[in-house]
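Okay, run_1.txt is below, compact mmCIF, C-alpha atoms and all ligand atoms:
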# COMPACT_ATOMS: atom_id res chain seq x y z
CA MET G 1 22.11 -10.52 -26.03
CA ARG G 2 22.83 -13.49 -23.77
CA ILE G 3 25.31 -13.03 -20.97
CA ALA G 4 27.75 -15.85 -20.26
CA PRO G 5 26.17 -17.86 -17.38
CA ASP G 6 28.88 -17.31 -14.77
CA GLU G 7 30.08 -13.89 -15.79
CA LEU G 8 27.78 -11.77 -13.60
CA PRO G 9 28.11 -13.70 -10.31
CA GLU G 10 31.88 -13.72 -10.73
CA ARG G 11 32.02 -9.98 -11.39
CA ALA G 12 29.65 -9.43 -8.46
CA ARG G 13 31.81 -11.42 -6.02
CA ALA G 14 34.78 -9.22 -6.95
CA VAL G 15 33.02 -6.03 -5.80
CA LEU G 16 30.09 -6.99 -3.52
CA PRO G 17 30.55 -9.12 -0.38
CA GLY G 18 29.56 -12.65 -1.41
CA GLY G 19 28.33 -11.08 -4.65
CA ASN G 20 25.32 -9.68 -2.77
CA THR G 21 23.99 -6.22 -1.99
CA ARG G 22 20.50 -7.16 -0.76
CA SER G 23 20.22 -10.06 1.69
CA THR G 24 16.59 -10.77 0.78
CA VAL G 25 17.35 -11.76 -2.83
CA PHE G 26 20.21 -14.14 -2.05
CA VAL G 27 19.83 -17.82 -2.88
CA PRO G 28 22.85 -20.11 -2.81
CA PRO G 29 25.09 -20.53 -4.68
CA HIS G 30 23.98 -17.26 -6.29
CA PRO G 31 20.68 -16.01 -7.70
CA PRO G 32 19.99 -15.66 -11.43
CA TYR G 33 20.17 -12.09 -12.76
CA ALA G 34 17.07 -10.36 -14.10
CA VAL G 35 17.35 -8.67 -17.47
CA ALA G 36 13.81 -7.55 -18.23
CA GLY G 37 10.23 -7.77 -17.06
CA GLU G 38 7.01 -7.43 -19.01
CA GLY G 39 3.65 -7.87 -17.34
CA CYS G 40 3.85 -11.01 -15.22
CA VAL G 41 6.95 -12.45 -16.90
CA VAL G 42 10.62 -11.89 -16.06
CA THR G 43 13.49 -12.90 -18.32
CA ASP G 44 16.86 -13.69 -16.77
CA ALA G 45 20.40 -13.35 -18.10
CA GLN G 46 20.28 -16.86 -19.50
CA GLY G 47 17.06 -16.26 -21.37
CA HIS G 48 14.93 -18.31 -18.93
CA ARG G 49 11.41 -16.86 -18.62
CA VAL G 50 9.50 -17.13 -15.37
CA TYR G 51 6.11 -16.10 -14.04
CA ASP G 52 6.87 -13.32 -11.56
CA CYS G 53 5.17 -14.27 -8.30
CA ASN G 54 7.74 -12.32 -6.31
CA ASN G 55 6.87 -8.93 -7.79
CA ASN G 56 9.83 -7.34 -6.06
CA TYR G 57 8.71 -8.68 -2.74
CA THR G 58 5.03 -7.80 -3.22
CA SER G 59 5.64 -4.22 -4.33
CA LEU G 60 4.62 -4.47 -8.01
CA LEU G 61 0.83 -4.49 -8.08
CA HIS G 62 0.69 -4.43 -11.85
CA GLY G 63 3.71 -6.54 -12.72
CA HIS G 64 6.38 -4.97 -14.91
CA ALA G 65 6.32 -2.02 -17.25
CA ARG G 66 2.59 -1.32 -17.00
CA ARG G 67 2.01 1.20 -19.79
CA GLU G 68 0.34 3.93 -17.69
CA ILE G 69 3.11 3.80 -15.09
CA VAL G 70 5.92 3.87 -17.67
CA GLU G 71 4.24 6.88 -19.27
CA VAL G 72 3.78 8.88 -16.09
CA ALA G 73 7.27 8.04 -14.82
CA THR G 74 9.02 9.01 -18.05
CA GLU G 75 6.95 12.15 -18.46
CA THR G 76 7.75 13.17 -14.86
CA LEU G 77 11.42 12.29 -15.26
CA ALA G 78 11.66 14.46 -18.35
CA ARG G 79 10.59 17.44 -16.23
CA GLY G 80 13.11 16.78 -13.45
CA SER G 81 13.44 13.83 -11.08
CA ALA G 82 14.02 15.64 -7.78
CA PHE G 83 13.98 19.18 -6.49
CA GLY G 84 15.03 21.11 -3.40
CA LEU G 85 11.38 22.19 -3.28
CA PRO G 86 8.13 20.31 -2.70
CA THR G 87 5.98 19.37 -5.71
CA GLU G 88 2.25 18.93 -6.19
CA SER G 89 2.82 15.19 -6.60
CA GLU G 90 3.24 14.66 -2.83
CA ILE G 91 -0.08 16.36 -2.13
CA GLU G 92 -1.77 14.21 -4.75
CA LEU G 93 -0.47 10.91 -3.29
CA ALA G 94 -1.27 12.02 0.27
CA GLU G 95 -4.84 12.88 -0.83
CA LEU G 96 -5.22 9.46 -2.41
CA LEU G 97 -3.93 7.72 0.72
CA ARG G 98 -6.21 9.79 2.91
CA ASP G 99 -9.22 8.91 0.78
CA ARG G 100 -8.36 5.20 0.85
CA THR G 101 -7.46 4.87 4.54
CA GLY G 102 -9.30 7.64 6.36
CA LEU G 103 -5.99 8.69 7.95
CA THR G 104 -5.73 12.42 7.51
CA ARG G 105 -2.02 13.33 7.67
CA TRP G 106 0.92 11.83 5.75
CA ARG G 107 4.66 12.06 5.55
CA PHE G 108 6.79 10.39 2.85
CA CYS G 109 10.18 8.70 2.85
CA ASN G 110 12.07 6.21 0.68
CA SER G 111 11.39 2.75 2.11
CA GLY G 112 9.31 0.74 4.52
CA THR G 113 12.28 0.66 6.87
CA GLU G 114 12.35 4.46 7.00
CA ALA G 115 8.58 4.58 7.48
CA VAL G 116 8.90 2.37 10.56
CA MET G 117 11.80 4.51 11.83
CA MET G 118 9.67 7.63 11.46
CA ALA G 119 6.65 6.05 13.13
CA VAL G 120 8.74 4.94 16.10
CA ARG G 121 10.37 8.36 16.36
CA VAL G 122 7.11 10.25 16.29
CA ALA G 123 5.47 7.83 18.75
CA ARG G 124 8.33 8.38 21.17
CA ALA G 125 8.20 12.13 20.67
CA VAL G 126 4.45 12.34 21.23
CA THR G 127 4.26 10.02 24.25
CA GLU G 128 7.62 11.02 25.74
CA ARG G 129 8.25 7.32 26.34
CA SER G 130 10.81 5.02 24.77
CA ARG G 131 9.74 1.37 24.87
CA ILE G 132 8.26 -0.43 21.89
CA ILE G 133 6.25 -3.65 22.06
CA ARG G 134 6.45 -5.88 19.01
CA PHE G 135 5.87 -9.52 18.14
CA GLU G 136 8.17 -12.47 17.60
CA ALA G 137 9.23 -13.17 14.01
CA SER G 138 7.39 -10.13 12.64
CA TYR G 139 9.69 -8.27 10.26
CA HIS G 140 9.55 -4.47 10.16
CA GLY G 141 12.63 -3.68 8.06
CA THR G 142 16.26 -3.22 8.93
CA TYR G 143 16.17 -0.34 11.43
CA ASP G 144 18.22 -1.16 14.59
CA GLY G 145 15.24 -0.51 16.84
CA VAL G 146 13.04 -3.23 15.30
CA VAL G 147 15.31 -6.03 14.11
CA ALA G 148 15.29 -9.50 15.67
CA ALA G 149 16.50 -9.81 19.24
CA SER G 150 20.27 -10.21 19.47
CA ALA G 151 20.83 -9.21 15.84
CA THR G 152 24.56 -8.82 15.32
CA GLY G 153 25.65 -5.21 15.32
CA VAL G 154 22.75 -3.85 17.36
CA PRO G 155 23.76 -2.35 20.73
CA GLY G 156 22.24 -3.91 23.84
CA ALA G 157 20.93 -0.51 24.89
CA VAL G 158 18.82 -0.36 21.72
CA GLU G 159 17.53 -3.88 22.18
CA GLU G 160 16.46 -3.12 25.74
CA GLN G 161 13.97 -0.62 24.38
CA SER G 162 11.95 -3.42 22.76
CA VAL G 163 9.68 -5.89 24.47
CA ILE G 164 9.17 -8.82 22.11
CA LEU G 165 6.08 -10.92 22.74
CA PRO G 166 4.70 -14.15 21.24
CA GLN G 167 2.22 -13.61 18.39
CA ALA G 168 -1.43 -13.19 19.38
CA ASP G 169 -1.01 -14.19 23.01
CA GLY G 170 -3.47 -12.08 25.02
CA ALA G 171 -2.17 -13.20 28.42
CA ALA G 172 1.46 -12.43 27.54
CA PHE G 173 0.39 -9.07 26.15
CA ASP G 174 -1.55 -8.16 29.29
CA ALA G 175 1.33 -9.21 31.53
CA ALA G 176 3.75 -7.06 29.51
CA MET G 177 1.40 -4.08 29.62
CA ARG G 178 0.95 -4.47 33.38
CA GLN G 179 4.71 -4.44 33.79
CA HIS G 180 5.72 -1.86 31.16
CA GLY G 181 2.53 -0.22 29.92
CA HIS G 182 3.25 3.18 31.43
CA GLU G 183 6.57 3.35 29.54
CA VAL G 184 5.41 1.92 26.20
CA ALA G 185 5.45 4.51 23.41
CA ALA G 186 3.99 2.18 20.80
CA VAL G 187 2.85 -1.30 19.97
CA LEU G 188 4.03 -2.22 16.49
CA ILE G 189 1.90 -4.83 14.75
CA ASP G 190 1.73 -6.45 11.34
CA LEU G 191 -1.75 -7.94 10.84
CA MET G 192 -0.40 -10.78 8.68
CA PRO G 193 3.32 -11.11 9.38
CA ASN G 194 5.07 -12.80 6.46
CA ARG G 195 8.11 -14.13 8.30
CA ALA G 196 5.95 -15.44 11.13
CA GLY G 197 4.02 -17.61 8.64
CA LEU G 198 1.73 -15.19 6.74
CA ARG G 199 -1.33 -15.96 8.87
CA PRO G 200 -3.82 -13.21 9.67
CA VAL G 201 -3.62 -12.23 13.35
CA PRO G 202 -6.95 -13.08 15.09
CA ARG G 203 -9.31 -10.12 15.13
CA ASP G 204 -10.12 -10.39 18.83
CA PHE G 205 -6.43 -10.12 19.69
CA VAL G 206 -6.08 -6.98 17.56
CA ASP G 207 -9.16 -5.45 19.22
CA HIS G 208 -7.71 -6.34 22.59
CA VAL G 209 -4.39 -4.65 21.74
CA ARG G 210 -6.30 -1.60 20.56
CA ALA G 211 -8.24 -1.35 23.82
CA ARG G 212 -5.19 -1.89 26.02
CA THR G 213 -3.02 0.64 24.15
CA ARG G 214 -5.76 3.24 24.69
CA GLU G 215 -5.93 2.36 28.36
CA TYR G 216 -2.18 2.83 28.83
CA GLY G 217 -1.76 5.82 26.50
CA SER G 218 0.49 3.89 24.09
CA LEU G 219 0.14 4.38 20.35
CA LEU G 220 -0.88 1.56 18.01
CA VAL G 221 1.28 1.43 14.89
CA VAL G 222 -0.05 -0.88 12.18
CA ASP G 223 2.70 -1.85 9.74
CA GLU G 224 1.01 -2.26 6.35
CA VAL G 225 4.14 -2.25 4.22
CA ILE G 226 3.15 -5.68 2.83
CA THR G 227 -0.55 -5.92 3.67
CA PHE G 228 -1.76 -2.63 2.20
CA ARG G 229 -2.43 -4.33 -1.17
CA LEU G 230 -5.06 -6.61 0.43
CA GLY G 231 -7.79 -3.96 0.61
CA VAL G 232 -8.57 -0.56 -0.87
CA GLY G 233 -7.53 0.93 2.48
CA GLY G 234 -5.31 -1.99 3.44
CA LEU G 235 -5.84 -5.02 5.64
CA ARG G 236 -6.37 -2.72 8.64
CA GLN G 237 -9.54 -1.45 7.02
CA ARG G 238 -10.84 -5.02 6.74
CA TYR G 239 -10.17 -5.48 10.45
CA GLY G 240 -11.93 -2.21 11.15
CA VAL G 241 -9.26 -1.31 13.68
CA ALA G 242 -8.23 2.30 14.24
CA ALA G 243 -4.49 2.97 14.08
CA ASP G 244 -2.72 5.94 15.61
CA LEU G 245 -0.08 5.51 12.93
CA THR G 246 0.31 3.29 9.90
CA THR G 247 3.41 2.56 7.87
CA LEU G 248 3.28 1.96 4.14
CA GLY G 249 5.84 1.28 1.41
CA LYS G 250 6.18 -1.05 -1.58
CA VAL G 251 2.96 -0.77 -3.68
CA ILE G 252 2.43 2.95 -3.07
CA GLY G 253 5.52 3.80 -5.17
CA GLY G 254 4.36 2.12 -8.39
CA GLY G 255 7.68 0.24 -8.55
CA PHE G 256 9.89 3.09 -7.33
CA PRO G 257 11.44 3.55 -3.85
CA VAL G 258 8.94 4.83 -1.33
CA GLY G 259 7.68 4.76 2.22
CA ALA G 260 5.00 6.67 4.12
CA VAL G 261 3.65 7.23 7.59
CA GLY G 262 0.01 8.14 8.05
CA GLY G 263 -1.83 9.12 11.18
CA SER G 264 -4.25 11.39 12.92
CA VAL G 265 -3.81 15.15 13.00
CA ASP G 266 -3.03 14.99 16.71
CA VAL G 267 -0.14 12.57 16.40
CA MET G 268 1.24 13.75 13.08
CA LYS G 269 1.34 17.38 14.18
CA ALA G 270 4.68 16.50 15.77
CA PHE G 271 6.11 16.80 12.23
CA ASP G 272 4.58 20.26 11.67
CA PRO G 273 7.48 22.69 11.20
CA LEU G 274 5.26 25.51 12.44
CA GLY G 275 4.22 23.63 15.58
CA ASP G 276 5.80 22.86 18.97
CA GLY G 277 8.02 19.89 19.75
CA VAL G 278 8.93 19.45 16.14
CA VAL G 279 10.27 16.14 14.88
CA SER G 280 12.68 17.14 12.14
CA TRP G 281 13.07 14.56 9.39
CA GLY G 282 14.72 15.17 6.03
CA GLY G 283 15.47 12.69 3.26
CA THR G 284 17.09 13.96 0.08
CA PHE G 285 14.90 11.85 -2.18
CA SER G 286 11.80 11.72 0.01
CA ALA G 287 8.62 12.52 -1.93
CA ASN G 288 10.51 12.71 -5.24
CA PRO G 289 7.93 13.25 -7.97
CA VAL G 290 8.77 10.08 -9.91
CA SER G 291 7.89 7.82 -6.95
CA MET G 292 4.91 9.99 -6.02
CA ARG G 293 3.33 10.09 -9.46
CA ALA G 294 4.09 6.47 -10.35
CA GLY G 295 2.62 5.48 -6.99
CA ALA G 296 -0.52 7.55 -7.47
CA THR G 297 -1.00 6.01 -10.93
CA ALA G 298 -0.52 2.47 -9.59
CA LEU G 299 -3.11 3.07 -6.88
CA ARG G 300 -5.63 4.63 -9.28
CA LEU G 301 -5.36 1.48 -11.38
CA TYR G 302 -6.05 -0.56 -8.24
CA GLY G 303 -9.59 0.35 -7.30
CA LYS G 304 -12.05 -1.91 -5.53
CA SER G 305 -12.78 -4.13 -8.54
CA GLU G 306 -9.08 -4.84 -9.18
CA VAL G 307 -8.37 -5.38 -5.46
CA ASP G 308 -11.25 -7.88 -5.37
CA ARG G 309 -10.23 -9.58 -8.62
CA LEU G 310 -6.64 -10.02 -7.46
CA ASN G 311 -7.63 -11.28 -4.03
CA ALA G 312 -10.06 -13.74 -5.63
CA LEU G 313 -7.27 -15.04 -7.91
CA GLY G 314 -5.08 -15.51 -4.84
CA ASP G 315 -7.83 -17.24 -2.88
CA ARG G 316 -8.41 -19.64 -5.77
CA LEU G 317 -4.71 -20.46 -6.14
CA ARG G 318 -4.29 -20.95 -2.37
CA GLN G 319 -7.29 -23.28 -2.29
CA GLU G 320 -6.07 -25.32 -5.27
CA LEU G 321 -2.63 -25.72 -3.73
CA ALA G 322 -4.16 -26.70 -0.39
CA ASP G 323 -6.41 -29.21 -2.17
CA SER G 324 -3.26 -30.77 -3.66
CA GLY G 325 -1.94 -31.29 -0.14
CA LEU G 326 0.51 -28.39 -0.08
CA PRO G 327 0.85 -26.47 3.20
CA VAL G 328 -0.11 -22.89 2.38
CA SER G 329 -1.11 -19.74 4.23
CA GLY G 330 -1.97 -16.12 3.46
CA PHE G 331 -4.95 -14.08 2.41
CA GLY G 332 -6.08 -12.76 -0.97
CA SER G 333 -3.25 -11.97 -3.38
CA LEU G 334 -0.52 -13.02 -0.92
CA ILE G 335 0.26 -16.72 -0.50
CA ARG G 336 3.00 -18.48 1.34
CA LEU G 337 4.18 -22.03 0.69
CA LEU G 338 5.17 -23.31 4.11
CA VAL G 339 8.12 -25.41 3.05
CA ASP G 340 10.83 -27.14 5.04
CA ASP G 341 13.72 -26.21 2.79
CA PRO G 342 13.06 -22.86 1.14
CA THR G 343 16.22 -22.96 -0.98
CA VAL G 344 15.40 -26.33 -2.57
CA THR G 345 11.84 -25.20 -3.16
CA TRP G 346 12.88 -21.81 -4.53
CA TRP G 347 15.09 -23.45 -7.16
CA ALA G 348 12.50 -26.09 -8.00
CA LEU G 349 9.94 -23.33 -8.55
CA TYR G 350 12.38 -21.29 -10.59
CA ARG G 351 13.22 -24.24 -12.84
CA GLU G 352 9.50 -24.79 -13.41
CA GLY G 353 9.21 -21.11 -14.34
CA VAL G 354 7.91 -19.47 -11.16
CA LEU G 355 9.81 -16.73 -9.35
CA ALA G 356 8.87 -16.79 -5.64
CA GLY G 357 10.21 -15.05 -2.56
CA THR G 358 13.11 -16.87 -0.95
CA ASN G 359 10.84 -18.00 1.91
CA GLY G 360 8.12 -19.35 -0.41
CA LEU G 361 6.11 -16.11 -0.64
CA LEU G 362 3.95 -15.73 -3.77
CA ALA G 363 2.45 -12.32 -4.60
CA LEU G 364 0.11 -12.00 -7.56
CA SER G 365 -0.17 -9.01 -9.90
CA THR G 366 -3.00 -7.53 -11.94
CA ALA G 367 -0.99 -8.46 -15.05
CA MET G 368 -2.10 -12.06 -14.42
CA THR G 369 -5.18 -13.59 -16.02
CA ASP G 370 -7.21 -16.55 -14.81
CA ASP G 371 -5.26 -18.77 -17.21
CA ASP G 372 -1.93 -17.47 -15.91
CA VAL G 373 -2.93 -18.35 -12.37
CA THR G 374 -4.06 -21.83 -13.45
CA GLU G 375 -0.67 -22.31 -15.14
CA ILE G 376 1.17 -21.01 -12.05
CA GLY G 377 -0.72 -23.57 -9.93
CA THR G 378 0.30 -26.39 -12.28
CA ARG G 379 3.94 -25.29 -12.12
CA VAL G 380 3.96 -24.91 -8.33
CA ARG G 381 2.60 -28.46 -7.98
CA ALA G 382 5.26 -29.77 -10.39
CA ALA G 383 7.95 -27.96 -8.39
CA ALA G 384 6.64 -29.40 -5.14
CA ARG G 385 6.85 -32.93 -6.61
CA ALA G 386 10.38 -32.22 -7.87
CA SER G 387 11.62 -30.90 -4.53
CA THR G 388 10.44 -33.77 -2.34
N1 LIG M 1 7.63 -3.69 7.25
C1 LIG M 1 7.21 -4.85 6.72
C2 LIG M 1 5.97 -5.51 7.24
C3 LIG M 1 7.93 -5.42 5.67
O1 LIG M 1 7.53 -6.58 5.13
C4 LIG M 1 9.07 -4.75 5.16
C5 LIG M 1 9.87 -5.28 4.00
N2 LIG M 1 9.51 -6.44 3.42
C6 LIG M 1 9.46 -3.55 5.76
C7 LIG M 1 8.70 -3.04 6.80
C8 LIG M 1 10.65 -2.80 5.27
O2 LIG M 1 10.43 -2.27 4.00
P1 LIG M 1 11.65 -1.91 3.03
O3 LIG M 1 12.24 -3.21 2.57
O4 LIG M 1 11.02 -1.10 1.93
O5 LIG M 1 12.62 -1.11 3.82

Have the structure of the file written as structure tokens, please.
Ligand code: PMP
Amino acid sequence: MRIAPDELPERARAVLPGGNTRSTVFVPPHPPYAVAGEGCVVTDAQGHRVYDCNNNYTSLLHGHARREIVEVATETLARGSAFGLPTESEIELAELLRDRTGLTRWRFCNSGTEAVMMAVRVARAVTERSRIIRFEASYHGTYDGVVAASATGVPGAVEEQSVILPQADGAAFDAAMRQHGHEVAAVLIDLMPNRAGLRPVPRDFVDHVRARTREYGSLLVVDEVITFRLGVGGLRQRYGVAADLTTLGKVIGGGFPVGAVGGSVDVMKAFDPLGDGVVSWGGTFSANPVSMRAGATALRLYGKSEVDRLNALGDRLRQELADSGLPVSGFGSLIRLLVDDPTVTWWALYREGVLAGTNGLLALSTAMTDDDVTEIGTRVRAAARAST
């Protein structure tokens, strides 16, 4: 059934401010509405079919409705979607994450934002300090404590707890540590920050941050909410850098809401209800078995060979786009088109049949074949010609 083109946006504007309930999916005048997804293709309310290179902002490793995930989710759902008791599913996902990352203790929540909130809370509890160092233009979710400086609605007193430094600037980092190091609970870093341009942070800078945080007794929190898909144990594993805490989300829920914090026994023991200095953290839907089991299934289907295949597809596409003169960045299965006017480009891509992120982010899925990726490249080039 086709829906009249303007019916949904009009209904939306009558009940949602500006018709929107999720800032990240807004494109003016209003975005198209999704109706269904199958593999790497999404169909919208007007029957337009697009290659999904957004994958719900990088979270769908296997595209839409992957058979094994649909089966495990429906089977789990049929036995109850949430309980006021733990289930085996949370142990199973934590075991998988431990085996992939080497981090030995885990705690689940419902989003990447919550994972970052938890990591910051536990870092502050463990160090008994309050300041956080983070980097310009890196996005860590919508929690007050980590949003952009001077974000409307965030109290000055919260902002003062953050020291925001230029990306990968060793001298600025050292100066900040000299001044504030003794009061810094954690340094929060994304190894390839999307909003800052999706460029991998230089390894020597990351090693430097690791050494300095140890020196000053601050914790290193590596935010892998987006970058976890880039390696079996995330991008951090490729860097070979040890984290005191890591935050995950997106791909580890198999398409369902999820977040997680992982860390060493020593740090994570702050969450132990039988221990001292307990950090109490609830979450009605945290570790619900549908997210846990769908996530575990998605990860099992994403072993080393699939990680490598997907990254190789991304590397090929990035190279082909670069060879055509397009400014691109990223690593492996994550690509960013560095465009001047993201809205114009987003619509040009969409008309050519490619769904991207609103800032030009392209995330591949295992549902894509070599031929799909070749076709996506052709369409991206056509869109680039159309939008200039
Ligand atoms: N950290 C990073 C690096 C992110 O990219 C995001 C979201 N894109 C978040 C945290 C927040 O995750 P969520 O949207 O699930 O709250």

Distance table requested - segment 261-290 of chain G against segment 87-96 of chain G, cut-off 10 Å, all atoms listed in the file: one row per qualifying residue with the closest atom pair and its distance in Å to one decimal, ordered by chain and rising residue number, as a tab-separated table.
residue	atom	partner	partner_atom	distance
G:Gly262	CA	G:Ala94	CA	8.8
G:Ser286	CA	G:Glu90	CA	9.5
G:Ala287	CA	G:Glu90	CA	5.9
G:Asn288	CA	G:Glu90	CA	7.9
G:Pro289	CA	G:Ser89	CA	5.6
G:Val290	CA	G:Ser89	CA	8.5

Give the residue list for ligand LIG 1 (chain M) at 7 Å, counting all atoms listed in the file, as a VMD selection string, sorted by chain and then by residue number. chain G and resid 57 111 to 114 116 139 to 142 190 193 to 194 223 to 226 249 to 250 259

Which distance in Å separates atom CA of Ile164 of chain G and atom CA of Tyr216 of chain G, to one decimal?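 We find that atom CA of Ile164 of chain G and atom CA of Tyr216 of chain G lie 17.6 Å from each other.
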
Name the closest residue to Thr74 of chain G among the candidates G:Pro29, G:Thr58, G:Cys53, G:Ala294; distances are taken between atoms, counting only C-alpha atoms.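 Result for the nearest residue to Thr74 of chain G: G:Ala294.
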
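Here atom CA of Ala176 of chain G and atom CA of Asp204 of chain G stand 17.8 Å from one another.
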
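When atom CA of Gly197 of chain G is paired with atom CA of His64 of chain G, their separation reads 26.8 Å.
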
Nearest to Gly181 of chain G, chosen from G:Arg309, G:His208, G:Arg229, G:Arg131, with all atoms listed in the file counted in the distances: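 Ranking G:Arg309, G:His208, G:Arg229, G:Arg131 by distance to Gly181 of chain G, first place goes to G:Arg131.
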